[in-house]
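Text of query-v1.cif, listed as mmCIF, C-alpha atoms and all ligand atoms:
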data_structure
#
loop_
_atom_site.group_PDB
_atom_site.id
_atom_site.type_symbol
_atom_site.label_atom_id
_atom_site.label_comp_id
_atom_site.auth_asym_id
_atom_site.auth_seq_id
_atom_site.Cartn_x
_atom_site.Cartn_y
_atom_site.Cartn_z
ATOM 1 C CA MET A 193 -16.490 54.595 -31.486
ATOM 2 C CA SER A 194 -19.440 54.066 -29.131
ATOM 3 C CA GLU A 195 -19.449 55.382 -25.567
ATOM 4 C CA SER A 196 -17.825 52.931 -23.214
ATOM 5 C CA LYS A 197 -17.800 53.220 -19.445
ATOM 6 C CA PHE A 198 -14.691 52.648 -17.357
ATOM 7 C CA SER A 199 -12.576 51.741 -20.376
ATOM 8 C CA ILE A 200 -9.079 52.974 -21.141
ATOM 9 C CA VAL A 201 -8.550 53.482 -24.872
ATOM 10 C CA LYS A 202 -5.202 55.253 -25.164
ATOM 11 C CA ASP A 203 -3.469 56.436 -28.371
ATOM 12 C CA CYS A 204 -5.634 54.191 -30.541
ATOM 13 C CA GLU A 205 -7.051 54.533 -34.021
ATOM 14 C CA ILE A 206 -10.586 53.185 -34.017
ATOM 15 C CA GLY A 207 -12.564 52.777 -37.258
ATOM 16 C CA GLU A 208 -16.113 53.856 -37.914
ATOM 17 C CA GLY A 209 -18.846 51.687 -36.441
ATOM 18 C CA THR A 210 -16.519 49.841 -34.084
ATOM 19 C CA ILE A 211 -17.988 49.174 -30.648
ATOM 20 C CA ILE A 212 -15.816 49.132 -27.549
ATOM 21 C CA LYS A 213 -17.725 47.800 -24.549
ATOM 22 C CA ASP A 214 -17.229 48.773 -20.889
ATOM 23 C CA PHE A 215 -14.165 47.897 -18.808
ATOM 24 C CA THR A 216 -11.744 47.326 -21.670
ATOM 25 C CA ASN A 217 -8.112 48.415 -21.793
ATOM 26 C CA ILE A 218 -6.649 49.134 -25.225
ATOM 27 C CA TYR A 219 -3.270 50.777 -25.854
ATOM 28 C CA LYS A 220 -1.671 52.046 -29.096
ATOM 29 C CA THR A 221 -3.823 49.797 -31.226
ATOM 30 C CA LYS A 222 -5.340 50.241 -34.645
ATOM 31 C CA ILE A 223 -8.822 48.765 -35.105
ATOM 32 C CA GLY A 224 -10.747 48.818 -38.387
ATOM 33 C CA LYS A 225 -14.436 49.354 -39.071
ATOM 34 C CA ASN A 226 -17.476 47.621 -37.556
ATOM 35 C CA SER A 227 -15.546 45.519 -35.098
ATOM 36 C CA LYS A 228 -16.647 44.772 -31.546
ATOM 37 C CA ILE A 229 -14.404 44.530 -28.517
ATOM 38 C CA HIS A 230 -16.310 43.117 -25.550
ATOM 39 C CA SER A 231 -15.872 43.938 -21.869
ATOM 40 C CA PHE A 232 -12.746 43.030 -19.914
ATOM 41 C CA VAL A 233 -10.642 42.595 -23.028
ATOM 42 C CA TYR A 234 -7.031 43.742 -22.660
ATOM 43 C CA ILE A 235 -5.121 44.742 -25.795
ATOM 44 C CA GLU A 236 -1.466 45.745 -25.666
ATOM 45 C CA GLU A 237 0.391 48.230 -27.826
ATOM 46 C CA GLY A 238 1.207 47.762 -31.497
ATOM 47 C CA VAL A 239 -1.737 45.451 -32.154
ATOM 48 C CA GLU A 240 -3.540 45.759 -35.481
ATOM 49 C CA ILE A 241 -7.115 44.534 -35.838
ATOM 50 C CA GLY A 242 -9.093 44.570 -39.089
ATOM 51 C CA ASP A 243 -12.737 45.172 -39.965
ATOM 52 C CA ASN A 244 -15.720 43.154 -38.682
ATOM 53 C CA VAL A 245 -13.733 41.465 -35.946
ATOM 54 C CA ILE A 246 -15.360 40.244 -32.722
ATOM 55 C CA ILE A 247 -13.301 39.780 -29.562
ATOM 56 C CA ARG A 248 -15.352 38.234 -26.732
ATOM 57 C CA PRO A 249 -14.913 39.069 -23.022
ATOM 58 C CA HIS A 250 -11.761 38.420 -21.000
ATOM 59 C CA SER A 251 -9.449 37.828 -23.936
ATOM 60 C CA VAL A 252 -5.901 39.177 -23.860
ATOM 61 C CA ILE A 253 -4.204 40.254 -27.067
ATOM 62 C CA THR A 254 -0.499 40.762 -26.472
ATOM 63 C CA GLU A 255 1.823 43.306 -28.064
ATOM 64 C CA GLY A 256 2.257 43.413 -31.817
ATOM 65 C CA ILE A 257 -0.336 40.820 -32.839
ATOM 66 C CA LYS A 258 -1.908 41.267 -36.274
ATOM 67 C CA ILE A 259 -5.532 40.236 -36.664
ATOM 68 C CA GLY A 260 -7.152 40.329 -40.120
ATOM 69 C CA ASN A 261 -10.751 40.995 -41.130
ATOM 70 C CA ASP A 262 -13.833 39.005 -40.038
ATOM 71 C CA VAL A 263 -11.982 37.177 -37.271
ATOM 72 C CA PHE A 264 -13.917 35.796 -34.270
ATOM 73 C CA ILE A 265 -12.080 35.454 -30.966
ATOM 74 C CA GLY A 266 -14.070 33.667 -28.244
ATOM 75 C CA GLN A 267 -14.081 34.321 -24.498
ATOM 76 C CA SER A 268 -10.845 34.132 -22.499
ATOM 77 C CA VAL A 269 -8.520 33.536 -25.426
ATOM 78 C CA GLN A 270 -4.939 34.094 -24.316
ATOM 79 C CA THR A 271 -2.089 35.021 -26.616
ATOM 80 C CA ILE A 272 1.620 34.648 -25.953
ATOM 81 C CA ASN A 273 4.474 36.678 -27.384
ATOM 82 C CA ASP A 274 7.380 35.639 -25.196
ATOM 83 C CA LEU A 275 8.313 31.972 -24.858
ATOM 84 C CA TYR A 276 10.894 32.367 -22.090
ATOM 85 C CA PRO A 277 9.670 35.219 -19.875
ATOM 86 C CA LYS A 278 11.981 36.529 -17.187
ATOM 87 C CA THR A 279 11.671 39.318 -14.643
ATOM 88 C CA THR A 280 15.157 40.702 -15.272
ATOM 89 C CA ILE A 281 15.286 40.901 -19.069
ATOM 90 C CA ARG A 282 12.794 41.634 -21.757
ATOM 91 C CA THR A 283 13.114 39.220 -24.643
ATOM 92 C CA LYS A 284 12.159 39.968 -28.224
ATOM 93 C CA VAL A 285 8.420 40.105 -28.871
ATOM 94 C CA LEU A 286 7.482 37.202 -31.139
ATOM 95 C CA LYS A 287 4.930 37.577 -33.894
ATOM 96 C CA THR A 288 1.432 36.163 -34.059
ATOM 97 C CA ILE A 289 -0.699 36.620 -37.149
ATOM 98 C CA ILE A 290 -4.385 35.689 -37.263
ATOM 99 C CA LYS A 291 -5.578 35.793 -40.841
ATOM 100 C CA ASP A 292 -8.970 36.749 -42.305
ATOM 101 C CA ASN A 293 -12.073 34.763 -41.302
ATOM 102 C CA ALA A 294 -10.299 32.692 -38.657
ATOM 103 C CA ILE A 295 -12.365 31.532 -35.655
ATOM 104 C CA ILE A 296 -10.610 31.086 -32.319
ATOM 105 C CA GLY A 297 -12.640 29.025 -29.826
ATOM 106 C CA THR A 298 -13.144 29.924 -26.193
ATOM 107 C CA GLY A 299 -10.270 29.431 -23.790
ATOM 108 C CA SER A 300 -7.668 28.764 -26.442
ATOM 109 C CA ILE A 301 -4.033 29.650 -25.902
ATOM 110 C CA ILE A 302 -2.269 30.970 -28.986
ATOM 111 C CA PHE A 303 1.519 30.755 -29.123
ATOM 112 C CA PRO A 304 3.468 32.985 -31.562
ATOM 113 C CA VAL A 305 2.175 31.358 -34.742
ATOM 114 C CA THR A 306 0.279 32.141 -37.901
ATOM 115 C CA ILE A 307 -3.360 31.110 -37.842
ATOM 116 C CA GLY A 308 -4.430 30.595 -41.443
ATOM 117 C CA LYS A 309 -7.352 32.215 -43.197
ATOM 118 C CA ASN A 310 -10.774 30.588 -42.775
ATOM 119 C CA SER A 311 -9.355 28.226 -40.181
ATOM 120 C CA PHE A 312 -11.076 27.135 -36.955
ATOM 121 C CA VAL A 313 -9.392 26.625 -33.590
ATOM 122 C CA ALA A 314 -11.626 24.466 -31.367
ATOM 123 C CA ALA A 315 -12.436 25.579 -27.821
ATOM 124 C CA GLY A 316 -9.661 24.953 -25.302
ATOM 125 C CA SER A 317 -6.916 24.373 -27.836
ATOM 126 C CA VAL A 318 -3.270 25.128 -27.159
ATOM 127 C CA VAL A 319 -1.915 26.212 -30.529
ATOM 128 C CA THR A 320 1.867 25.793 -30.623
ATOM 129 C CA LYS A 321 2.339 25.514 -34.403
ATOM 130 C CA ASP A 322 1.070 27.373 -37.460
ATOM 131 C CA VAL A 323 -2.484 26.499 -38.497
ATOM 132 C CA GLU A 324 -3.014 25.940 -42.210
ATOM 133 C CA ASP A 325 -5.648 27.883 -44.123
ATOM 134 C CA PHE A 326 -9.105 26.216 -43.993
ATOM 135 C CA SER A 327 -8.177 23.680 -41.322
ATOM 136 C CA VAL A 328 -9.872 22.821 -38.021
ATOM 137 C CA VAL A 329 -7.498 22.166 -35.120
ATOM 138 C CA ALA A 330 -8.192 21.003 -31.560
ATOM 139 C CA GLY A 331 -6.490 19.802 -28.395
ATOM 140 C CA ASN A 332 -3.281 20.357 -26.458
ATOM 141 C CA PRO A 333 -1.104 20.588 -28.436
ATOM 142 C CA ALA A 334 -3.579 21.460 -31.182
ATOM 143 C CA LYS A 335 -3.698 19.013 -34.084
ATOM 144 C CA LYS A 336 -5.660 19.103 -37.293
ATOM 145 C CA ILE A 337 -9.054 17.367 -36.943
ATOM 146 C CA GLY A 338 -10.725 18.564 -40.134
ATOM 147 C CA ASP A 339 -11.301 21.211 -42.779
ATOM 148 C CA THR A 340 -13.649 24.177 -42.700
ATOM 149 C CA THR A 341 -14.483 23.440 -46.344
ATOM 150 C CA ASP A 342 -15.899 20.049 -45.320
ATOM 151 C CA GLN A 343 -19.602 19.971 -46.280
ATOM 152 C CA ALA A 344 -20.727 18.451 -42.961
ATOM 153 C CA PHE A 345 -18.780 21.071 -40.993
ATOM 154 C CA MET A 346 -20.236 23.928 -43.037
ATOM 155 C CA ARG A 347 -23.737 22.496 -42.671
ATOM 156 C CA LYS A 348 -23.381 22.387 -38.866
ATOM 157 C CA GLN A 349 -22.186 26.014 -38.828
ATOM 158 C CA ASN A 350 -25.018 27.223 -41.025
ATOM 159 C CA LEU A 351 -27.701 25.239 -39.164
ATOM 160 C CA ARG A 352 -27.090 27.451 -36.153
ATOM 161 C CA ASP A 353 -27.697 30.674 -38.108
ATOM 162 C CA GLU A 354 -30.433 32.737 -36.428
ATOM 163 C CA GLY A 355 -30.150 35.447 -39.047
ATOM 164 C CA LYS A 356 -29.117 38.010 -36.434
ATOM 165 C CA ASP A 357 -26.100 40.325 -36.385
ATOM 166 C CA PRO A 358 -23.590 38.822 -33.902
ATOM 167 C CA ARG A 359 -22.184 42.305 -33.229
ATOM 168 C CA LYS A 360 -25.450 43.175 -31.440
ATOM 169 C CA TYR A 361 -24.932 40.490 -28.772
HETATM 170 C C1 LIG A 401 -14.501 22.121 -33.061
HETATM 171 C C2 LIG A 401 -16.016 22.233 -33.019
HETATM 172 C C3 LIG A 401 -16.501 23.307 -33.992
HETATM 173 C C4 LIG A 401 -16.653 20.928 -33.419
HETATM 174 O O1 LIG A 401 -16.232 20.593 -34.736
HETATM 175 P P1 LIG A 401 -16.840 19.342 -35.498
HETATM 176 O O2 LIG A 401 -16.070 19.111 -36.752
HETATM 177 O O3 LIG A 401 -18.302 19.530 -35.634
HETATM 178 O O4 LIG A 401 -16.439 18.205 -34.517
HETATM 179 P P2 LIG A 401 -17.323 17.100 -33.789
HETATM 180 O O5 LIG A 401 -18.170 17.740 -32.723
HETATM 181 O O6 LIG A 401 -17.986 16.235 -34.821
HETATM 182 O O7 LIG A 401 -16.156 16.288 -33.092
HETATM 183 C C5 LIG A 401 -15.136 15.641 -33.841
HETATM 184 C C6 LIG A 401 -14.073 15.161 -32.862
HETATM 185 O O8 LIG A 401 -13.359 16.293 -32.327
HETATM 186 C C7 LIG A 401 -13.453 16.319 -30.903
HETATM 187 N N1 LIG A 401 -13.588 17.715 -30.485
HETATM 188 C C8 LIG A 401 -14.595 18.586 -30.755
HETATM 189 N N2 LIG A 401 -14.363 19.768 -30.174
HETATM 190 C C9 LIG A 401 -13.191 19.624 -29.513
HETATM 191 C C10 LIG A 401 -12.446 20.511 -28.726
HETATM 192 N N3 LIG A 401 -12.861 21.754 -28.495
HETATM 193 N N4 LIG A 401 -11.281 20.061 -28.218
HETATM 194 C C11 LIG A 401 -10.857 18.787 -28.434
HETATM 195 N N5 LIG A 401 -11.527 17.895 -29.191
HETATM 196 C C12 LIG A 401 -12.697 18.328 -29.716
HETATM 197 C C13 LIG A 401 -14.718 15.514 -30.577
HETATM 198 O O9 LIG A 401 -14.666 14.992 -29.268
HETATM 199 C C14 LIG A 401 -14.665 14.448 -31.648
HETATM 200 O O10 LIG A 401 -13.721 13.457 -31.252
HETATM 201 P P3 LIG A 401 -13.932 11.886 -31.620
HETATM 202 O O11 LIG A 401 -13.919 11.856 -33.125
HETATM 203 O O12 LIG A 401 -12.759 11.246 -30.985
HETATM 204 O O13 LIG A 401 -15.259 11.526 -31.051
HETATM 205 C C15 LIG A 401 -16.533 22.581 -31.592
HETATM 206 O O14 LIG A 401 -16.394 21.473 -30.714
HETATM 207 C C16 LIG A 401 -15.813 23.769 -30.976
HETATM 208 O O15 LIG A 401 -14.803 23.668 -30.248
HETATM 209 N N6 LIG A 401 -16.385 24.973 -31.226
HETATM 210 C C17 LIG A 401 -15.901 26.226 -30.684
HETATM 211 C C18 LIG A 401 -16.967 26.799 -29.762
HETATM 212 C C19 LIG A 401 -16.553 28.112 -29.207
HETATM 213 O O16 LIG A 401 -15.469 28.274 -28.675
HETATM 214 N N7 LIG A 401 -17.424 29.116 -29.308
HETATM 215 C C20 LIG A 401 -17.094 30.476 -28.888
HETATM 216 C C21 LIG A 401 -18.297 31.349 -28.619
HETATM 217 S S1 LIG A 401 -19.391 30.735 -27.337
#

Take the structure in the file and write it out as structure tokens.
Ligand SMILES: CC(C)(COP(=O)(O)OP(=O)(O)OC[C@H]1O[C@@H](n2cnc3c(N)ncnc32)[C@H](O)[C@@H]1OP(=O)(O)O)[C@@H](O)C(=O)NCCC(=O)NCCS
Amino acid sequence: MSESKFSIVKDCEIGEGTIIKDFTNIYKTKIGKNSKIHSFVYIEEGVEIGDNVIIRPHSVITEGIKIGNDVFIGQSVQTINDLYPKTTIRTKVLKTIIKDNAIIGTGSIIFPVTIGKNSFVAAGSVVTKDVEDFSVVAGNPAKKIGDTTDQAFMRKQNLRDEGKDPRKY
């Protein structure tokens, strides 16, 4: 793990090559290799994060969420694990699973669902239902608008490739 200033990384297992930037709070979390957790990210206990994952600034990953390998989480993504919060009782933590290669766009809100592998959640989506593998969803509530296997979609993604390692930025 790289040096990070003003971060709290408590009782965590952090894999080789993983970068934790400044001002992050991470508790009882397992993170794989070569991932990058940007500044001001807050990760609660019992979270599992795979290899080569990027979590952009100001995102909150709530208790118990499982994130696979090669997942991209944009800025200010908010997760939810309690649908009926109350100050007097603690209700059961609900499960969210984000599978390998999923992309979660900036500002999305993720309810306790399964986000399928190689899927794409457009910026600003409110995801209240499971997202199928390889699908693109958008809106509030998020609905399917396409497939990540669509040639035009893949072309647009690849056109933007600068050939640089996103973990360096
Ligand atoms: C979803 C996304 C990849 C565009 O996908 P696309 O298949 O190329 O879609 P298009 O731009 O051709 O738009 C298709 C339709 O979806 C709509 N759409 C696109 N992005 C949307 C979004 N975030 N929310 C709601 N609708 C969206 C478009 O308005 C368009 O609607 P129309 O058919 O009624 O005109 C892109 O808009 C997006 O949200 N990217 C995520 C960016 C991000 O969060 N980056 C994080 C790091 S900075």

Selection within 6 Å of ligand LIG 401 (chain A) by only C-alpha atoms and all ligand atoms, output as a list in words
Gly266, Gly297, Thr298, Ala314, Ala315, Gly316, Ala330, Gly331 and Phe345 of chain A

Quick check on the file I pasted: which residues fall under the PyMOL selection byres (((chain A and resi 258) around 6) and not hetatm)? Write them as a list in words.
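Applying the expression gives Val239, Glu240, Ile257, Ile259 and Ile289 of chain A.
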
Selected residues written out, C-alpha atoms, as a short mmCIF file (atom, residue, chain, number, x, y, z; two decimals), keeping the file's coordinate frame:
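result-v9.cif, written as the output of this step:
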data_model
loop_
_atom_site.label_atom_id
_atom_site.label_comp_id
_atom_site.auth_asym_id
_atom_site.auth_seq_id
_atom_site.Cartn_x
_atom_site.Cartn_y
_atom_site.Cartn_z
CA VAL A 239 -1.74 45.45 -32.15
CA GLU A 240 -3.54 45.76 -35.48
CA ILE A 257 -0.34 40.82 -32.84
CA ILE A 259 -5.53 40.24 -36.66
CA ILE A 289 -0.70 36.62 -37.15
#

Which residues fall under the PyMOL selection byres (((chain A and resi 324) around 12) and not hetatm) in this file, as a PDB file with C-alpha atoms, in the frame of the given file?
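Listed below is the output, selection_17.pdb:
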ATOM      1  CA  ILE A 290      -4.385  35.689 -37.263  1.00  0.00           C
ATOM      2  CA  LYS A 291      -5.578  35.793 -40.841  1.00  0.00           C
ATOM      3  CA  ALA A 294     -10.299  32.692 -38.657  1.00  0.00           C
ATOM      4  CA  VAL A 305       2.175  31.358 -34.742  1.00  0.00           C
ATOM      5  CA  THR A 306       0.279  32.141 -37.901  1.00  0.00           C
ATOM      6  CA  ILE A 307      -3.360  31.110 -37.842  1.00  0.00           C
ATOM      7  CA  GLY A 308      -4.430  30.595 -41.443  1.00  0.00           C
ATOM      8  CA  LYS A 309      -7.352  32.215 -43.197  1.00  0.00           C
ATOM      9  CA  ASN A 310     -10.774  30.588 -42.775  1.00  0.00           C
ATOM     10  CA  SER A 311      -9.355  28.226 -40.181  1.00  0.00           C
ATOM     11  CA  PHE A 312     -11.076  27.135 -36.955  1.00  0.00           C
ATOM     12  CA  VAL A 313      -9.392  26.625 -33.590  1.00  0.00           C
ATOM     13  CA  VAL A 319      -1.915  26.212 -30.529  1.00  0.00           C
ATOM     14  CA  LYS A 321       2.339  25.514 -34.403  1.00  0.00           C
ATOM     15  CA  ASP A 322       1.070  27.373 -37.460  1.00  0.00           C
ATOM     16  CA  VAL A 323      -2.484  26.499 -38.497  1.00  0.00           C
ATOM     17  CA  ASP A 325      -5.648  27.883 -44.123  1.00  0.00           C
ATOM     18  CA  PHE A 326      -9.105  26.216 -43.993  1.00  0.00           C
ATOM     19  CA  SER A 327      -8.177  23.680 -41.322  1.00  0.00           C
ATOM     20  CA  VAL A 328      -9.872  22.821 -38.021  1.00  0.00           C
ATOM     21  CA  VAL A 329      -7.498  22.166 -35.120  1.00  0.00           C
ATOM     22  CA  ALA A 334      -3.579  21.460 -31.182  1.00  0.00           C
ATOM     23  CA  LYS A 335      -3.698  19.013 -34.084  1.00  0.00           C
ATOM     24  CA  LYS A 336      -5.660  19.103 -37.293  1.00  0.00           C
ATOM     25  CA  ILE A 337      -9.054  17.367 -36.943  1.00  0.00           C
ATOM     26  CA  GLY A 338     -10.725  18.564 -40.134  1.00  0.00           C
ATOM     27  CA  ASP A 339     -11.301  21.211 -42.779  1.00  0.00           C
ATOM     28  CA  THR A 340     -13.649  24.177 -42.700  1.00  0.00           C
TER      29      THR A 340
END

From (2.3, 37.2, -29.0), in the file's coordinates, out to 7 Å: which residues are reached, counting all atoms listed in the file? Answer as an NGL selection string.
:A and (254-257 or 271-274 or 285-288 or 303-304)

Now that the selection is made, can you save its residues with C-alpha atoms as a PDB file, keeping the file's coordinate frame?
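Output file out.pdb follows:
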ATOM      1  CA  THR A 254      -0.499  40.762 -26.472  1.00  0.00           C
ATOM      2  CA  GLU A 255       1.823  43.306 -28.064  1.00  0.00           C
ATOM      3  CA  GLY A 256       2.257  43.413 -31.817  1.00  0.00           C
ATOM      4  CA  ILE A 257      -0.336  40.820 -32.839  1.00  0.00           C
ATOM      5  CA  THR A 271      -2.089  35.021 -26.616  1.00  0.00           C
ATOM      6  CA  ILE A 272       1.620  34.648 -25.953  1.00  0.00           C
ATOM      7  CA  ASN A 273       4.474  36.678 -27.384  1.00  0.00           C
ATOM      8  CA  ASP A 274       7.380  35.639 -25.196  1.00  0.00           C
ATOM      9  CA  VAL A 285       8.420  40.105 -28.871  1.00  0.00           C
ATOM     10  CA  LEU A 286       7.482  37.202 -31.139  1.00  0.00           C
ATOM     11  CA  LYS A 287       4.930  37.577 -33.894  1.00  0.00           C
ATOM     12  CA  THR A 288       1.432  36.163 -34.059  1.00  0.00           C
ATOM     13  CA  PHE A 303       1.519  30.755 -29.123  1.00  0.00           C
ATOM     14  CA  PRO A 304       3.468  32.985 -31.562  1.00  0.00           C
TER      15      PRO A 304
END

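As for CA of Ile206 in chain A and CA of Pro358 in chain A, they are spaced 19.4 Å apart.
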
Would you compute, for all listed atoms of range 281-298 of chain A, the axis-aligned bounding box grown by 4 Å on each side, and then report its centre and edge lengths in Å rounded to one decimal, as AutoDock Vina command-line options?
--center_x 1.1 --center_y 35.3 --center_z -30.7 --size_x 36.4 --size_y 20.6 --size_z 31.2

For the provided coordinates, the residues matched by the PyMOL selection byres (((chain A and resi 196) around 12) and not hetatm) should be stated as number ranges by chain.
A: 193-195, 197-201, 210-218, 228-232

Write out as a ChimeraX atom specification which residues come within 8 Å of Ile223 in chain A when counting all atoms listed in the file, dropping same-chain ones fewer than 4 positions away.
/A:204-207,210,227,240-243

Quick one: pull the distance between CA of Ser251 in chain A and CA of Ser300 in chain A, Å, one decimal.
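Result for CA of Ser251 in chain A versus CA of Ser300 in chain A: 9.6 Å, one decimal.
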
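Counting only C-alpha atoms, the residue from A:Pro277, A:Thr320, A:Thr283, A:Val245 that sits nearest to Ile265 in chain A is A:Val245.
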
Report, in Å with one decimal, the straight-line distance from CA of Tyr361 in chain A to CA of Gly209 in chain A.
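Answer for the CA of Tyr361 in chain A to CA of Gly209 in chain A separation: 14.9 Å.
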
Residue among A:Asn350, A:Gln270, A:Asn261, A:Thr279 lying closest to Ile235 in chain A, counting only C-alpha atoms:
A:Gln270

Skipping near chain neighbours, those fewer than 4 positions away, what residues fall within 6 Å of Asp262 in chain A using only C-alpha atoms, listed as a list in words?
Asn244, Val245, Asp292 and Asn293 of chain A
